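Pasting model38.txt here (compact mmCIF, C-alpha atoms):
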```
# COMPACT_ATOMS: atom_id res chain seq x y z
CA MET A 1 79.87 57.86 112.08
CA LEU A 2 79.58 59.29 108.57
CA ASN A 3 82.83 60.40 106.98
CA PHE A 4 82.04 64.00 106.04
CA GLN A 5 84.56 65.73 103.79
CA LYS A 6 85.07 69.31 102.69
CA LEU A 7 83.62 70.15 99.30
CA LYS A 8 86.14 69.98 96.48
CA LYS A 9 86.09 72.11 93.36
CA THR A 10 87.17 69.11 91.30
CA LYS A 11 84.08 67.14 92.36
CA LEU A 12 81.34 69.62 91.46
CA GLN A 13 80.06 67.53 88.56
CA GLU A 14 80.00 64.45 90.79
CA TYR A 15 77.94 66.28 93.43
CA ARG A 16 75.50 67.54 90.80
CA ARG A 17 74.62 64.08 89.53
CA TYR A 18 72.83 63.28 92.79
CA TYR A 19 70.45 66.18 92.07
CA ASP A 20 69.67 65.32 88.48
CA ASP A 21 66.52 67.42 88.05
CA PRO A 22 66.30 69.23 84.69
CA GLU A 23 63.57 71.51 86.05
CA ALA A 24 65.14 72.39 89.40
CA VAL A 25 64.65 75.98 90.57
CA GLY A 26 65.80 75.80 94.22
CA CYS A 27 69.27 76.68 95.46
CA GLU A 28 69.69 73.34 97.24
CA VAL A 29 70.94 71.88 93.93
CA ASN A 30 73.60 74.55 93.37
CA PHE A 31 76.98 73.12 94.26
CA VAL A 32 78.88 76.05 92.80
CA SER A 33 77.34 78.21 95.51
CA ALA A 34 77.76 75.48 98.15
CA TYR A 35 81.44 75.13 97.28
CA LEU A 36 82.07 78.89 97.34
CA TRP A 37 80.43 79.27 100.76
CA SER A 38 81.73 75.97 102.17
CA HIS A 39 84.56 77.58 104.14
CA GLU A 40 82.41 80.38 105.52
CA TYR A 41 79.63 78.02 106.64
CA ALA A 42 81.64 74.79 107.04
CA ILE A 43 79.57 72.78 104.55
CA LYS A 44 80.67 69.16 104.13
CA THR A 45 79.37 66.09 102.31
CA ALA A 46 79.30 62.35 102.84
CA VAL A 47 78.12 59.51 100.61
CA PHE A 48 76.03 56.56 101.76
CA ASP A 49 74.89 53.91 99.28
CA ASP A 50 75.23 56.23 96.28
CA THR A 51 73.30 58.93 98.15
CA LEU A 52 74.75 62.34 98.98
CA ILE A 53 74.31 63.97 102.39
CA LYS A 54 75.24 67.59 103.11
CA ALA A 55 75.86 68.88 106.62
CA TYR A 56 76.60 72.27 108.15
CA TYR A 57 79.21 72.29 110.91
CA ARG A 58 79.82 74.59 113.86
CA SER A 59 83.29 75.88 114.70
CA ASP A 60 83.56 73.31 117.52
CA GLY A 61 83.14 70.42 115.06
CA SER A 62 79.52 69.62 115.91
CA VAL A 63 76.81 69.48 113.25
CA TRP A 64 74.11 72.13 113.46
CA GLY A 65 72.05 70.79 110.57
CA TYR A 66 71.80 68.09 107.92
CA CYS A 67 70.28 68.60 104.49
CA MET A 68 67.83 66.19 102.91
CA PRO A 69 69.87 63.41 101.25
CA ALA A 70 69.62 62.96 97.50
CA GLY A 71 70.35 59.89 95.43
CA LYS A 72 69.66 56.17 95.29
CA ASN A 73 68.69 55.37 98.91
CA VAL A 74 67.20 58.40 100.63
CA ARG A 75 65.50 56.50 103.45
CA GLY A 76 68.65 54.54 104.21
CA ALA A 77 70.66 57.77 104.21
CA VAL A 78 68.21 59.43 106.62
CA GLU A 79 68.50 56.44 108.96
CA THR A 80 72.28 56.79 108.73
CA VAL A 81 71.93 60.49 109.62
CA PHE A 82 69.99 59.49 112.75
CA ALA A 83 72.79 57.11 113.70
CA ASP A 84 75.47 59.71 112.93
CA ALA A 85 73.76 62.31 115.11
CA ALA A 86 73.35 59.80 117.95
CA GLU A 87 77.07 59.00 117.84
CA ARG A 88 77.73 62.72 118.18
CA ASN A 89 75.26 62.94 121.10
CA GLN A 90 73.11 65.27 119.02
CA ARG A 91 69.65 65.28 117.48
CA ALA A 92 69.35 64.79 113.73
CA CYS A 93 68.11 68.29 112.91
CA PHE A 94 67.41 68.99 109.24
CA GLY A 95 67.68 72.45 107.73
CA TYR A 96 67.18 74.27 104.43
CA LEU A 97 64.36 71.88 103.48
CA SER A 98 62.21 72.72 100.48
CA ARG A 99 58.49 72.11 100.83
CA ARG A 100 58.87 68.92 98.77
CA GLU A 101 61.72 67.72 100.99
CA ARG A 102 59.70 68.55 104.11
CA ASP A 103 56.75 66.55 102.81
CA TRP A 104 59.03 63.68 101.84
CA LEU A 105 60.60 63.57 105.30
CA GLU A 106 57.16 63.69 106.92
CA SER A 107 55.95 60.82 104.73
CA LEU A 108 58.97 58.72 105.73
CA TYR A 109 58.56 59.49 109.44
CA PRO A 110 54.99 60.63 110.18
CA GLY A 111 54.83 62.87 113.24
CA ARG A 112 58.47 62.45 114.14
CA PHE A 113 59.57 65.95 113.18
CA LEU A 114 58.42 69.40 114.21
CA PHE A 115 58.72 71.60 111.13
CA THR A 116 58.99 75.38 111.24
CA ARG A 117 59.10 77.68 108.23
CA ALA A 118 62.40 79.55 107.84
CA GLU A 119 61.37 82.68 105.95
CA GLU A 120 64.86 84.18 105.98
CA THR A 121 66.18 81.37 103.74
CA GLN A 122 63.32 81.11 101.22
CA ASP A 123 64.24 81.65 97.57
CA TYR A 124 62.69 84.41 95.46
CA ILE A 125 62.20 83.11 91.92
CA TYR A 126 61.12 85.23 88.96
CA LYS A 127 60.14 84.75 85.35
CA ALA A 128 63.24 85.76 83.43
CA ALA A 129 61.12 87.43 80.76
CA ASP A 130 59.53 89.68 83.38
CA LEU A 131 62.87 90.84 84.80
CA ALA A 132 64.14 91.50 81.27
CA ALA A 133 61.12 93.33 79.85
CA LEU A 134 59.56 94.76 83.05
CA PRO A 135 56.14 94.67 81.39
CA GLY A 136 52.91 96.30 82.44
CA LYS A 137 51.76 98.61 85.18
CA LYS A 138 53.27 96.64 88.05
CA TYR A 139 56.78 97.42 86.77
CA HIS A 140 56.10 101.04 85.82
CA ALA A 141 58.21 102.47 88.66
CA LYS A 142 61.10 100.13 87.81
CA ARG A 143 61.12 101.23 84.17
CA ASN A 144 61.09 104.88 85.21
CA HIS A 145 63.95 104.33 87.64
CA ILE A 146 66.06 102.71 84.92
CA SER A 147 65.24 105.40 82.36
CA ARG A 148 66.24 108.08 84.87
CA PHE A 149 69.57 106.33 85.46
CA PHE A 150 70.47 106.40 81.76
CA ARG A 151 69.34 110.02 81.41
CA THR A 152 71.34 111.06 84.46
CA TYR A 153 74.62 109.30 83.82
CA GLY A 154 74.77 109.12 80.03
CA ASP A 155 78.11 107.39 79.49
CA VAL A 156 76.94 103.88 80.50
CA CYS A 157 78.51 100.63 79.34
CA VAL A 158 77.67 96.98 80.12
CA GLU A 159 80.21 94.18 79.72
CA GLU A 160 80.23 90.44 80.33
CA ILE A 161 82.60 89.52 83.16
CA THR A 162 85.69 87.76 81.86
CA PRO A 163 89.07 86.93 83.38
CA GLY A 164 90.28 90.13 81.66
CA ASN A 165 87.95 92.46 83.62
CA ALA A 166 87.39 90.36 86.76
CA ALA A 167 89.51 92.85 88.71
CA ASP A 168 86.90 95.52 87.93
CA ALA A 169 84.16 93.27 89.30
CA LEU A 170 86.16 92.76 92.49
CA SER A 171 86.69 96.51 92.76
CA VAL A 172 82.90 96.94 92.84
CA ALA A 173 82.78 94.61 95.86
CA GLU A 174 85.57 96.64 97.49
CA GLN A 175 83.82 99.95 96.80
CA TRP A 176 80.53 98.48 98.06
CA CYS A 177 82.25 97.59 101.34
CA ILE A 178 83.60 101.14 101.68
CA GLU A 179 80.19 102.62 100.89
CA ASN A 180 78.62 100.45 103.61
CA GLY A 181 81.32 101.00 106.24
CA ILE A 182 82.63 97.42 106.03
CA ASP A 183 86.27 96.37 106.21
CA CYS A 184 86.60 94.01 103.25
CA ARG A 185 89.69 92.45 104.85
CA THR A 186 87.43 90.84 107.46
CA TYR A 187 84.23 90.46 105.41
CA GLY A 188 83.56 86.84 104.46
CA GLU A 189 81.48 87.54 101.35
CA TYR A 190 84.28 89.61 99.83
CA PHE A 191 86.60 86.59 99.84
CA VAL A 192 83.85 84.36 98.45
CA ILE A 193 83.34 86.79 95.56
CA ARG A 194 87.08 86.95 94.98
CA GLU A 195 87.32 83.16 94.76
CA ALA A 196 84.36 83.07 92.36
CA LEU A 197 86.07 85.61 90.10
CA ASP A 198 89.43 83.85 90.32
CA ASN A 199 87.73 80.61 89.17
CA LEU A 200 85.19 82.13 86.79
CA CYS A 201 85.73 79.71 83.90
CA GLU A 202 86.40 76.62 86.01
CA LEU A 203 83.15 77.14 87.90
CA ASP A 204 81.28 78.01 84.68
CA MET A 205 79.92 81.22 86.14
CA ARG A 206 78.48 84.17 84.20
CA GLY A 207 78.22 87.79 85.11
CA ILE A 208 78.07 91.38 83.92
CA LEU A 209 79.70 94.68 84.87
CA LEU A 210 78.06 98.10 84.72
CA TYR A 211 80.34 101.07 84.00
CA VAL A 212 79.62 104.79 84.23
CA GLY A 213 82.20 107.02 82.63
CA GLY A 214 84.60 104.07 82.53
CA LYS A 215 84.24 103.39 86.25
CA PRO A 216 82.83 99.99 87.36
CA ILE A 217 79.85 100.73 89.63
CA ALA A 218 77.85 97.46 89.69
CA MET A 219 78.35 93.74 89.13
CA ALA A 220 76.21 90.61 89.06
CA LEU A 221 77.51 87.05 89.00
CA GLY A 222 75.74 83.71 88.98
CA SER A 223 75.57 80.08 87.93
CA GLU A 224 73.12 77.65 86.37
CA LEU A 225 70.76 75.72 88.64
CA SER A 226 69.23 73.72 85.81
CA PRO A 227 68.45 74.16 82.11
CA VAL A 228 65.40 76.22 83.12
CA CYS A 229 66.77 78.34 85.99
CA PHE A 230 69.76 80.60 86.63
CA ASP A 231 70.90 81.55 90.13
CA ILE A 232 72.12 85.07 90.92
CA ASN A 233 74.84 84.33 93.47
CA PHE A 234 76.22 87.85 93.92
CA GLU A 235 74.98 91.33 93.11
CA LYS A 236 76.71 94.49 94.27
CA ALA A 237 76.09 98.08 93.19
CA LEU A 238 77.06 101.51 94.43
CA THR A 239 73.92 103.25 95.63
CA SER A 240 75.62 106.63 95.18
CA TYR A 241 74.60 106.01 91.55
CA ASP A 242 70.84 106.11 91.89
CA GLY A 243 69.23 103.20 90.05
CA SER A 244 72.37 101.08 89.80
CA TYR A 245 70.70 98.00 91.33
CA ALA A 246 67.67 98.26 89.07
CA VAL A 247 69.90 98.55 85.99
CA ILE A 248 72.27 95.67 86.82
CA ASN A 249 69.27 93.45 87.56
CA ASN A 250 67.54 94.32 84.29
CA GLU A 251 70.65 94.16 82.09
CA PHE A 252 71.67 90.74 83.39
CA ALA A 253 68.15 89.35 82.88
CA LYS A 254 68.25 90.54 79.25
CA ARG A 255 71.34 88.40 78.67
CA LEU A 256 70.11 85.18 80.30
CA ASP A 257 68.31 82.57 78.22
CA TYR A 258 66.37 80.82 80.99
CA THR A 259 62.73 80.49 82.01
CA PHE A 260 63.37 81.46 85.64
CA ILE A 261 65.88 83.47 87.63
CA ASN A 262 66.46 82.64 91.29
CA ARG A 263 67.52 85.71 93.27
CA GLU A 264 68.03 83.72 96.47
CA GLU A 265 67.02 84.58 100.03
CA ASP A 266 66.47 87.83 101.94
CA LEU A 267 68.43 86.79 105.07
CA GLY A 268 65.58 88.12 107.21
CA LEU A 269 66.50 91.71 106.30
CA GLU A 270 63.34 93.76 105.89
CA GLY A 271 64.79 96.13 103.29
CA LEU A 272 66.05 93.25 101.17
CA ARG A 273 62.72 91.48 101.50
CA LYS A 274 60.81 94.54 100.29
CA SER A 275 63.20 94.88 97.36
CA LYS A 276 62.78 91.26 96.30
CA LEU A 277 59.00 91.43 96.63
CA SER A 278 58.91 94.63 94.56
CA TYR A 279 60.06 92.62 91.54
CA GLN A 280 56.93 90.43 91.76
CA PRO A 281 58.34 86.91 92.27
CA ALA A 282 56.59 84.14 90.37
CA ILE A 283 57.52 81.66 93.12
CA ILE A 284 58.42 82.10 96.76
CA TYR A 285 60.27 78.86 97.32
CA GLU A 286 59.64 78.01 100.95
CA ARG A 287 62.24 76.61 103.34
CA TYR A 288 61.74 74.63 106.54
CA ASP A 289 63.72 73.37 109.52
CA GLY A 290 62.87 69.96 110.94
CA VAL A 291 63.63 68.97 114.54
CA PRO A 292 63.04 65.33 115.61
CA GLN A 293 60.71 64.91 118.58
CA TRP A 294 62.12 61.53 119.58
```

Would you write out, as structure tokens, the structure that this file holds?
Amino acid sequence: MLNFQKLKKTKLQEYRRYYDDPEAVGCEVNFVSAYLWSHEYAIKTAVFDDTLIKAYYRSDGSVWGYCMPAGKNVRGAVETVFADAAERNQRACFGYLSRRERDWLESLYPGRFLFTRAEETQDYIYKAADLAALPGKKYHAKRNHISRFFRTYGDVCVEEITPGNAADALSVAEQWCIENGIDCRTYGEYFVIREALDNLCELDMRGILLYVGGKPIAMALGSELSPVCFDINFEKALTSYDGSYAVINNEFAKRLDYTFINREEDLGLEGLRKSKLSYQPAIIYERYDGVPQW
């Protein structure tokens, strides 16, 4: 049986080397995000023949899904996953597969897997220049919304998130919970955001805060996927300030020197899906689940 271990903050660079793709745009390569969510979703890793394997665990200790291995010996690692699942009396189900990973798995084992598209976990990827400039007719409503925000609230300030103002960023998450009727003391994402802010420099994360009249009302925080793509890991804004989401999105894009920005999945939420589509993604990065048929 594979020896899966919890992700460690001190090993993030080691994990990344298995996904050495300078043009990566998909969230599967982001180990900052994987580490931050590893307690909430019980994400663990194992190494076989210089090849990394990620797995998602259930609370009872069983594995609900393996990720496509990455590294020196992918086929050998997949065979080891089959053996690991058999020892657990489970099927070797694969999840969070990109289209390329799906095709790769199908080429290794033709007809063995039934693949289904998982729309709720697909990534929405945008041209950074588009989110920064909002050019042309298709972004006309967005530009108007942002202009109205600045006219309405006047005393607006944008700051980079630093250890010195991280408490303000966390307060946005707390206020967002209150605004949405959520008890932050039991809300998993709140604690993930808090850990990200507590380890801002160590995790090499970047973010911005939006203030109105000195009050923090929106925050965005993310990490690099590759030299060409930045991942927005967290974005919270108080909707009582009309236009706050549009402004935090636009202001962060202006400060990022990347070709693409990945704004992650929609979680199957229709409102979130409509919002992400309204920004005209350049790429909808498809995800698939693969279940073995024998």

At a cut-off of 6 Å, using all atoms listed in the file, what residues contact stretch 222-225 of chain A? Leave out same-chain residues fewer than 6 positions from it and give the result as a PDB file with C-alpha atoms, keeping the file's coordinate frame.
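Listed below is the output, result.pdb:
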```pdb
ATOM      1  CA  ASN A  30      73.600  74.550  93.370  1.00  0.00           C
ATOM      2  CA  MET A 205      79.920  81.220  86.140  1.00  0.00           C
ATOM      3  CA  ARG A 206      78.480  84.170  84.200  1.00  0.00           C
ATOM      4  CA  ASP A 231      70.900  81.550  90.130  1.00  0.00           C
ATOM      5  CA  ILE A 232      72.120  85.070  90.920  1.00  0.00           C
ATOM      6  CA  ASN A 233      74.840  84.330  93.470  1.00  0.00           C
TER       7      ASN A 233
END
```

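A straight line drawn from atom CA of A:Glu106 to atom CA of A:Gly290 is 9.4 Å long.
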
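Separating atom CA of A:Glu87 from atom CA of A:Leu12 is a distance of 28.8 Å.
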
Contacts of A:Ile43 within 8 Å, all atoms listed in the file, excl. fewer than 5 positions in-chain, as a PyMOL selection string: chain A and resi 6-7+34-35+37-38+54-57

query: Near A:Glu174, counting only C-alpha atoms, which residues have an atom at most 9 Å away, once you skip same-chain residues fewer than 5 positions from it, shown as a PyMOL selection string?
result: chain A and resi 169+179+183-184+190

Among A:Thr121, A:Glu195, A:Cys93, A:Glu159, A:Lys215 is approached most closely, using only C-alpha atoms, by A:Glu159

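For the set A:Cys27, A:Cys157, A:Ala128, A:Ala166, the residue with the smallest atom-to-atom gap to A:Asn199 is A:Ala166, counting all atoms listed in the file.
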
With distances taken over all atoms listed in the file, the candidate from A:Gly214, A:Ser147, A:Ala196, A:Pro281 nearest A:Ser33 is A:Ala196

A straight line from atom CA of A:Thr186 to atom CA of A:Asp198 spans 18.6 Å

- Contacts of A:Val74 at 10 Å or less, counting only C-alpha atoms, minus same-chain residues fewer than 3 places along, as a ChimeraX atom specification? /A:48-53,68-71,77-80,104-105,108

Show me as an MDAnalysis selection string the residues that reach within 10 Å of (75.9, 96.4, 84.3), counting only C-alpha atoms and using the file's own coordinates. chainID A and resid 156:161 207:212 216:220 237 244:252

Have stretch 91-109 of chain A completed to N, CA and C atoms, please, and pass it along as a CSV table (one decimal), in the frame of the given file.
```csv
chain,number,residue,atom,x,y,z
A,91,ARG,N,70.9,65.7,118.2
A,91,ARG,CA,69.6,65.3,117.5
A,91,ARG,C,69.9,65.5,116.0
A,92,ALA,N,69.2,64.7,115.2
A,92,ALA,CA,69.4,64.8,113.7
A,92,ALA,C,68.4,65.9,113.2
A,93,CYS,N,68.9,67.1,113.4
A,93,CYS,CA,68.1,68.3,112.9
A,93,CYS,C,68.4,68.5,111.4
A,94,PHE,N,67.3,68.7,110.7
A,94,PHE,CA,67.4,69.0,109.2
A,94,PHE,C,67.1,70.5,109.0
A,95,GLY,N,67.9,71.1,108.1
A,95,GLY,CA,67.7,72.4,107.7
A,95,GLY,C,67.6,72.7,106.2
A,96,TYR,N,67.2,73.9,105.8
A,96,TYR,CA,67.2,74.3,104.4
A,96,TYR,C,66.3,73.3,103.6
A,97,LEU,N,65.2,72.8,104.2
A,97,LEU,CA,64.4,71.9,103.5
A,97,LEU,C,63.4,72.6,102.6
A,98,SER,N,63.3,72.2,101.3
A,98,SER,CA,62.2,72.7,100.5
A,98,SER,C,60.9,72.1,100.9
A,99,ARG,N,59.8,72.7,100.4
A,99,ARG,CA,58.5,72.1,100.8
A,99,ARG,C,58.4,70.6,100.4
A,100,ARG,N,58.9,70.3,99.2
A,100,ARG,CA,58.9,68.9,98.8
A,100,ARG,C,59.7,68.0,99.7
A,101,GLU,N,60.9,68.5,100.1
A,101,GLU,CA,61.7,67.7,101.0
A,101,GLU,C,61.1,67.6,102.4
A,102,ARG,N,60.4,68.6,102.8
A,102,ARG,CA,59.7,68.6,104.1
A,102,ARG,C,58.6,67.5,104.0
A,103,ASP,N,57.8,67.5,103.0
A,103,ASP,CA,56.8,66.6,102.8
A,103,ASP,C,57.3,65.1,102.7
A,104,TRP,N,58.4,65.0,102.0
A,104,TRP,CA,59.0,63.7,101.8
A,104,TRP,C,59.5,63.1,103.2
A,105,LEU,N,60.1,64.0,104.0
A,105,LEU,CA,60.6,63.6,105.3
A,105,LEU,C,59.4,63.2,106.2
A,106,GLU,N,58.4,64.0,106.1
A,106,GLU,CA,57.2,63.7,106.9
A,106,GLU,C,56.5,62.4,106.5
A,107,SER,N,56.5,62.1,105.2
A,107,SER,CA,56.0,60.8,104.7
A,107,SER,C,56.8,59.6,105.2
A,108,LEU,N,58.1,59.8,105.3
A,108,LEU,CA,59.0,58.7,105.7
A,108,LEU,C,58.8,58.5,107.2
A,109,TYR,N,58.6,59.6,108.0
A,109,TYR,CA,58.6,59.5,109.4
A,109,TYR,C,57.4,60.3,110.0
```
